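Enquirer: Just dropping this structure here.
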Amino acid sequence: MSMNESRRPQATLEMVAERAGVSRATVSRVVNGSDRVKADAKKAVDQAIQELNYVPNRAARSLAQGRTNSIALVVPENTAKFFADPYFAKVVQGVAQYVAGTEFMLTLLLSTESDPAKTTRYLQGGNVDGALVLSHHADDRSYADLASKLPMVYGGRTMSTDQNEIYVVDIDNIAAARRATEVIIAQGRTKLAMIAGPQDMGAGLDRLVGFKQGVEAAGLEPVAIEIGDFTPASGHHIMEQLLASQVSIDGLFTASAQMGFGALQALHEAGINVPKDISVTTVDDDSFSRSSNPPLTTIAQFPERQGEIMAELLIKRIQGEKVPAWSIMDTKLVLRQSH
């Protein structure tokens, strides 16, 4: 680079507009990723940006817009559970992939159990333009209050019933659980039990409803329903308890693949053959469903895609666009050896 080139003044928006032969507003729309620009004008602006080596002053633009160009992904769970659950990793991956193609930065917040207000104080402090909330519990009241002050999108239906503006990306958990239950019943099983998820979460409640619907539609009654916490340890412990109670079971639906994984371990330790003696199905097509013995028949959801949709909707809300309040994702039945 010559001395003259090194002293060349930094290109401005006005210089790009003059070189491209368009208005300053057109250049601004191109830089901000607007689709309201004609293809030939966009091409001219892109070429001028390249020729002039124009670098947008994002800090000044963010200040003028009253934005930070940052969003938060909030997971109200402890650190151990977050890192042990492949669902969270996939959602984070999907969010990160979408955000990478925008001007926004992503901040991951694991809400502490000892001081949950710390997270809400951070969110209200002007540090981010919006928030994504995963794994929402009934006692997470602070997020319901925050929704009126900050654009938010939930991954999974919120347990707060008094919010005016709720934006949710989820699967139909009732339908998923009912379908998994119907697979068991189709094998001729009549003594069905369920290891349900936490009843302070939408997925935990809805999958229990779906199981009951499937059983009742077949003219049956559940022989046992126990509540777990979505972890392998709870699935293992509850299955041991069911076996110790000597209740007769020939079909089992677990509300998560992690609990199904634990339940299969307990059945194997007890010398019970799956699926000969008992059919087992679940929800989640993750590493736990694929590596269990035998591999679990499951209803697959797609958390990576869920993360992408959540991020897209949140950024659109931040930019003032209208988005659907509910986005229900497709699921897929994956047949394996456990049923």
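Each chain in the structure tokens gets a letter, A, B, ..., in the order shown, and its residues are numbered from 1; ligands are numbered from 1 in order too.
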Identify, on the basis of only C-alpha atoms, every residue whose closest approach to A:Thr107 does not exceed 12 Å; exclude the query and any residue fewer than 2 positions from it along the same chain; express the result as JSON, numbers by chain.

Expert: {"A": [68, 69, 70, 71, 72, 73, 74, 75, 92, 95, 96, 99, 104, 105, 109, 110, 119, 122, 123, 127, 128, 129, 130, 131, 132, 133]}

Enquirer: Restricted to N, CA, C and O atoms, what would the selected residues look like written as an mmCIF file, in the first residue's frame?

Expert:
data_model
loop_
_atom_site.group_PDB
_atom_site.id
_atom_site.type_symbol
_atom_site.label_atom_id
_atom_site.label_comp_id
_atom_site.auth_asym_id
_atom_site.auth_seq_id
_atom_site.Cartn_x
_atom_site.Cartn_y
_atom_site.Cartn_z
ATOM 1 N N THR A 68 -28.795 -2.274 20.525
ATOM 2 C CA THR A 68 -27.489 -2.844 20.853
ATOM 3 C C THR A 68 -27.019 -3.820 19.798
ATOM 4 O O THR A 68 -25.865 -4.224 19.779
ATOM 5 N N ASN A 69 -27.962 -4.252 18.928
ATOM 6 C CA ASN A 69 -27.696 -5.304 17.944
ATOM 7 C C ASN A 69 -27.233 -6.587 18.634
ATOM 8 O O ASN A 69 -26.385 -7.322 18.117
ATOM 9 N N SER A 70 -27.797 -6.846 19.805
ATOM 10 C CA SER A 70 -27.533 -8.083 20.542
ATOM 11 C C SER A 70 -28.858 -8.689 20.997
ATOM 12 O O SER A 70 -29.807 -7.959 21.317
ATOM 13 N N ILE A 71 -28.919 -10.007 20.998
ATOM 14 C CA ILE A 71 -30.069 -10.696 21.565
ATOM 15 C C ILE A 71 -29.563 -11.733 22.563
ATOM 16 O O ILE A 71 -28.422 -12.181 22.484
ATOM 17 N N ALA A 72 -30.412 -12.090 23.502
ATOM 18 C CA ALA A 72 -30.051 -13.070 24.526
ATOM 19 C C ALA A 72 -30.841 -14.351 24.340
ATOM 20 O O ALA A 72 -32.021 -14.311 23.991
ATOM 21 N N LEU A 73 -30.168 -15.471 24.561
ATOM 22 C CA LEU A 73 -30.847 -16.768 24.654
ATOM 23 C C LEU A 73 -30.808 -17.167 26.120
ATOM 24 O O LEU A 73 -29.733 -17.414 26.674
ATOM 25 N N VAL A 74 -31.974 -17.194 26.759
ATOM 26 C CA VAL A 74 -32.073 -17.441 28.190
ATOM 27 C C VAL A 74 -32.549 -18.865 28.438
ATOM 28 O O VAL A 74 -33.572 -19.288 27.897
ATOM 29 N N VAL A 75 -31.797 -19.594 29.247
ATOM 30 C CA VAL A 75 -32.175 -20.954 29.634
ATOM 31 C C VAL A 75 -32.305 -21.001 31.158
ATOM 32 O O VAL A 75 -31.295 -21.002 31.857
ATOM 33 N N VAL A 92 -29.351 -24.057 20.540
ATOM 34 C CA VAL A 92 -28.317 -23.020 20.512
ATOM 35 C C VAL A 92 -27.643 -22.986 19.143
ATOM 36 O O VAL A 92 -27.380 -21.915 18.580
ATOM 37 N N VAL A 95 -30.001 -21.271 16.657
ATOM 38 C CA VAL A 95 -30.045 -19.830 16.895
ATOM 39 C C VAL A 95 -28.764 -19.176 16.373
ATOM 40 O O VAL A 95 -28.797 -18.175 15.655
ATOM 41 N N ALA A 96 -27.621 -19.766 16.719
ATOM 42 C CA ALA A 96 -26.326 -19.198 16.326
ATOM 43 C C ALA A 96 -26.170 -19.156 14.812
ATOM 44 O O ALA A 96 -25.637 -18.189 14.250
ATOM 45 N N VAL A 99 -28.367 -16.243 13.516
ATOM 46 C CA VAL A 99 -27.835 -14.937 13.930
ATOM 47 C C VAL A 99 -26.551 -14.601 13.170
ATOM 48 O O VAL A 99 -26.278 -13.434 12.883
ATOM 49 N N PHE A 104 -26.754 -9.074 14.241
ATOM 50 C CA PHE A 104 -26.914 -9.251 15.680
ATOM 51 C C PHE A 104 -25.867 -10.192 16.266
ATOM 52 O O PHE A 104 -25.372 -11.102 15.590
ATOM 53 N N MET A 105 -25.551 -9.956 17.527
ATOM 54 C CA MET A 105 -24.699 -10.840 18.311
ATOM 55 C C MET A 105 -25.581 -11.622 19.286
ATOM 56 O O MET A 105 -26.641 -11.154 19.695
ATOM 57 N N LEU A 109 -27.453 -16.880 28.273
ATOM 58 C CA LEU A 109 -27.632 -16.645 29.704
ATOM 59 C C LEU A 109 -28.242 -17.877 30.352
ATOM 60 O O LEU A 109 -29.346 -18.284 30.001
ATOM 61 N N LEU A 110 -27.520 -18.484 31.282
ATOM 62 C CA LEU A 110 -28.071 -19.559 32.092
ATOM 63 C C LEU A 110 -28.563 -18.918 33.382
ATOM 64 O O LEU A 110 -27.770 -18.466 34.206
ATOM 65 N N THR A 119 -30.771 -12.225 36.120
ATOM 66 C CA THR A 119 -30.952 -12.311 34.678
ATOM 67 C C THR A 119 -31.924 -11.254 34.189
ATOM 68 O O THR A 119 -31.673 -10.588 33.174
ATOM 69 N N TYR A 122 -30.395 -7.873 34.045
ATOM 70 C CA TYR A 122 -29.527 -7.728 32.884
ATOM 71 C C TYR A 122 -30.350 -7.452 31.624
ATOM 72 O O TYR A 122 -30.008 -6.572 30.826
ATOM 73 N N LEU A 123 -31.444 -8.190 31.459
ATOM 74 C CA LEU A 123 -32.270 -8.029 30.275
ATOM 75 C C LEU A 123 -32.945 -6.662 30.237
ATOM 76 O O LEU A 123 -33.137 -6.080 29.168
ATOM 77 N N ASN A 127 -29.090 -4.009 27.721
ATOM 78 C CA ASN A 127 -27.943 -4.749 27.176
ATOM 79 C C ASN A 127 -28.273 -5.502 25.891
ATOM 80 O O ASN A 127 -27.369 -5.819 25.112
ATOM 81 N N VAL A 128 -29.552 -5.803 25.687
ATOM 82 C CA VAL A 128 -29.967 -6.567 24.511
ATOM 83 C C VAL A 128 -31.247 -5.961 23.941
ATOM 84 O O VAL A 128 -31.973 -5.244 24.633
ATOM 85 N N ASP A 129 -31.524 -6.283 22.678
ATOM 86 C CA ASP A 129 -32.726 -5.781 22.018
ATOM 87 C C ASP A 129 -33.910 -6.728 22.158
ATOM 88 O O ASP A 129 -35.047 -6.336 21.874
ATOM 89 N N GLY A 130 -33.649 -7.964 22.563
ATOM 90 C CA GLY A 130 -34.716 -8.944 22.700
ATOM 91 C C GLY A 130 -34.170 -10.218 23.309
ATOM 92 O O GLY A 130 -32.958 -10.377 23.457
ATOM 93 N N ALA A 131 -35.080 -11.128 23.661
ATOM 94 C CA ALA A 131 -34.651 -12.361 24.328
ATOM 95 C C ALA A 131 -35.427 -13.567 23.825
ATOM 96 O O ALA A 131 -36.628 -13.485 23.540
ATOM 97 N N LEU A 132 -34.715 -14.679 23.731
ATOM 98 C CA LEU A 132 -35.298 -15.996 23.480
ATOM 99 C C LEU A 132 -35.273 -16.748 24.807
ATOM 100 O O LEU A 132 -34.257 -16.731 25.504
ATOM 101 N N VAL A 133 -36.383 -17.405 25.162
ATOM 102 C CA VAL A 133 -36.450 -18.112 26.439
ATOM 103 C C VAL A 133 -36.780 -19.575 26.185
ATOM 104 O O VAL A 133 -37.783 -19.903 25.559
#

Enquirer: For A:Asp46, list every protein, DNA or RNA residue within 12 Å, evaluated using only C-alpha atoms, and leave out those in the same chain fewer than 6 positions away; present the list as an NGL selection string.

Expert: :A and (16-17 or 19-22 or 26-31 or 33 or 37 or 39-40 or 52-55)

Enquirer: Measuring between only C-alpha atoms, which one of A:Ser34, A:Thr181, A:Thr12, A:Asn173 shows the shortest distance to A:Asp330?

Expert: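 For A:Asp330, the nearest of the candidates is A:Asn173.
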
Enquirer: Running DSSP on the backbone, which parts of stretch 72-289 of chain A land in strand (DSSP E or B), as a count of residues only?

Expert: 43

Enquirer: State, in Å with one decimal place, the distance from atom CA of A:Met259 to atom CA of A:Gln306.

Expert: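 These two atoms are separated by 21.8 Å.
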
Enquirer: Distance atom CA of A:Tyr87-atom CA of A:Pro294, one decimal place?

Expert: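 Result for atom CA of A:Tyr87 versus atom CA of A:Pro294: 20.8 Å, one decimal.
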
Enquirer: Once you count only C-alpha atoms, what closest atom pair and distance in Å to one decimal does each residue of stretch 111-227 of chain A within 12 Å of stretch 231-239 of chain A have, with rows by chain and rising residue number, as JSON lines?

Expert:
{"residue": "A:Ala193", "atom": "CA", "partner": "A:Met239", "partner_atom": "CA", "distance": 10.0}
{"residue": "A:Met194", "atom": "CA", "partner": "A:Met239", "partner_atom": "CA", "distance": 9.8}
{"residue": "A:Ile195", "atom": "CA", "partner": "A:Gly235", "partner_atom": "CA", "distance": 7.0}
{"residue": "A:Ala196", "atom": "CA", "partner": "A:Gly235", "partner_atom": "CA", "distance": 9.3}
{"residue": "A:Gly197", "atom": "CA", "partner": "A:Thr231", "partner_atom": "CA", "distance": 9.1}
{"residue": "A:Pro198", "atom": "CA", "partner": "A:Thr231", "partner_atom": "CA", "distance": 10.4}
{"residue": "A:Ala224", "atom": "CA", "partner": "A:Ile238", "partner_atom": "CA", "distance": 10.8}
{"residue": "A:Ile225", "atom": "CA", "partner": "A:Ile238", "partner_atom": "CA", "distance": 9.9}
{"residue": "A:Glu226", "atom": "CA", "partner": "A:Ile238", "partner_atom": "CA", "distance": 7.1}
{"residue": "A:Ile227", "atom": "CA", "partner": "A:Ile238", "partner_atom": "CA", "distance": 8.2}

Enquirer: Which residue is closest to A:Tyr154? Choose from A:Ile184, A:Ala41, A:Met329, A:Leu314 and count only C-alpha atoms.

Expert: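 Among the listed residues, the smallest separation from A:Tyr154 belongs to A:Leu314.
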
Enquirer: Would you list the contacts of A:Gln258 as JSON, numbers by chain, taking every protein, DNA or RNA residue within 8 Å and counting only C-alpha atoms, but skipping same-chain residues closer than 2 positions in sequence?

Expert: {"A": [230, 231, 232, 235, 256, 260, 261, 262, 288, 289]}

Enquirer: For the selection just defined, write its residues with all heavy atoms to a file, as an mmCIF file, in the first residue's frame.

Expert:
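Output (result.cif):
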data_model
loop_
_atom_site.group_PDB
_atom_site.id
_atom_site.type_symbol
_atom_site.label_atom_id
_atom_site.label_comp_id
_atom_site.auth_asym_id
_atom_site.auth_seq_id
_atom_site.Cartn_x
_atom_site.Cartn_y
_atom_site.Cartn_z
ATOM 1 N N PHE A 230 -37.153 -35.421 33.274
ATOM 2 C CA PHE A 230 -36.568 -35.442 31.927
ATOM 3 C C PHE A 230 -35.133 -35.973 31.896
ATOM 4 O O PHE A 230 -34.501 -35.963 30.843
ATOM 5 C CB PHE A 230 -36.602 -34.063 31.251
ATOM 6 C CG PHE A 230 -37.953 -33.655 30.728
ATOM 7 C CD1 PHE A 230 -38.315 -32.312 30.697
ATOM 8 C CD2 PHE A 230 -38.857 -34.583 30.241
ATOM 9 C CE1 PHE A 230 -39.551 -31.909 30.199
ATOM 10 C CE2 PHE A 230 -40.095 -34.198 29.743
ATOM 11 C CZ PHE A 230 -40.443 -32.854 29.732
ATOM 12 N N THR A 231 -34.581 -36.453 33.007
ATOM 13 C CA THR A 231 -33.197 -36.936 33.031
ATOM 14 C C THR A 231 -33.147 -38.459 32.994
ATOM 15 O O THR A 231 -34.104 -39.132 33.403
ATOM 16 C CB THR A 231 -32.461 -36.445 34.290
ATOM 17 O OG1 THR A 231 -33.059 -37.060 35.445
ATOM 18 C CG2 THR A 231 -32.518 -34.938 34.411
ATOM 19 N N PRO A 232 -32.021 -39.046 32.548
ATOM 20 C CA PRO A 232 -31.886 -40.505 32.575
ATOM 21 C C PRO A 232 -32.017 -41.080 33.981
ATOM 22 O O PRO A 232 -32.605 -42.154 34.173
ATOM 23 C CB PRO A 232 -30.473 -40.734 32.021
ATOM 24 C CG PRO A 232 -30.173 -39.528 31.213
ATOM 25 C CD PRO A 232 -30.850 -38.389 31.910
ATOM 26 N N GLY A 235 -35.625 -41.523 34.937
ATOM 27 C CA GLY A 235 -36.233 -42.643 34.217
ATOM 28 C C GLY A 235 -35.822 -43.972 34.808
ATOM 29 O O GLY A 235 -36.646 -44.885 34.968
ATOM 30 N N SER A 256 -39.546 -38.180 27.619
ATOM 31 C CA SER A 256 -38.309 -37.736 26.978
ATOM 32 C C SER A 256 -37.416 -38.936 26.705
ATOM 33 O O SER A 256 -37.517 -39.967 27.395
ATOM 34 C CB SER A 256 -37.554 -36.732 27.860
ATOM 35 O OG SER A 256 -36.889 -37.387 28.924
ATOM 36 N N GLY A 260 -36.394 -42.333 28.806
ATOM 37 C CA GLY A 260 -36.531 -43.634 28.166
ATOM 38 C C GLY A 260 -35.241 -44.419 28.232
ATOM 39 O O GLY A 260 -35.244 -45.636 28.465
ATOM 40 N N PHE A 261 -34.126 -43.723 28.042
ATOM 41 C CA PHE A 261 -32.806 -44.344 28.128
ATOM 42 C C PHE A 261 -32.607 -44.954 29.515
ATOM 43 O O PHE A 261 -32.180 -46.107 29.658
ATOM 44 C CB PHE A 261 -31.737 -43.282 27.855
ATOM 45 C CG PHE A 261 -30.321 -43.787 27.864
ATOM 46 C CD1 PHE A 261 -29.713 -44.223 26.700
ATOM 47 C CD2 PHE A 261 -29.584 -43.811 29.038
ATOM 48 C CE1 PHE A 261 -28.396 -44.675 26.704
ATOM 49 C CE2 PHE A 261 -28.274 -44.263 29.068
ATOM 50 C CZ PHE A 261 -27.677 -44.699 27.888
ATOM 51 N N GLY A 262 -32.921 -44.186 30.554
ATOM 52 C CA GLY A 262 -32.769 -44.676 31.922
ATOM 53 C C GLY A 262 -33.700 -45.831 32.225
ATOM 54 O O GLY A 262 -33.315 -46.799 32.896
ATOM 55 N N PHE A 288 -29.586 -40.056 23.001
ATOM 56 C CA PHE A 288 -30.118 -41.011 23.976
ATOM 57 C C PHE A 288 -31.059 -42.012 23.313
ATOM 58 O O PHE A 288 -31.026 -43.203 23.625
ATOM 59 C CB PHE A 288 -30.849 -40.269 25.106
ATOM 60 C CG PHE A 288 -29.932 -39.555 26.047
ATOM 61 C CD1 PHE A 288 -29.616 -38.222 25.852
ATOM 62 C CD2 PHE A 288 -29.375 -40.211 27.137
ATOM 63 C CE1 PHE A 288 -28.754 -37.549 26.712
ATOM 64 C CE2 PHE A 288 -28.508 -39.559 28.002
ATOM 65 C CZ PHE A 288 -28.204 -38.218 27.788
ATOM 66 N N SER A 289 -31.889 -41.555 22.393
ATOM 67 C CA SER A 289 -32.815 -42.469 21.722
ATOM 68 C C SER A 289 -32.081 -43.414 20.785
ATOM 69 O O SER A 289 -32.477 -44.564 20.609
ATOM 70 C CB SER A 289 -33.883 -41.686 20.955
ATOM 71 O OG SER A 289 -33.309 -40.910 19.930
#

Enquirer: Give the answer as one residue: which of A:Val283, A:Ala144, A:Ala89, A:Leu205 has the shortest atom-to-atom distance to A:Leu108, using only C-alpha atoms?

Expert: A:Ala89
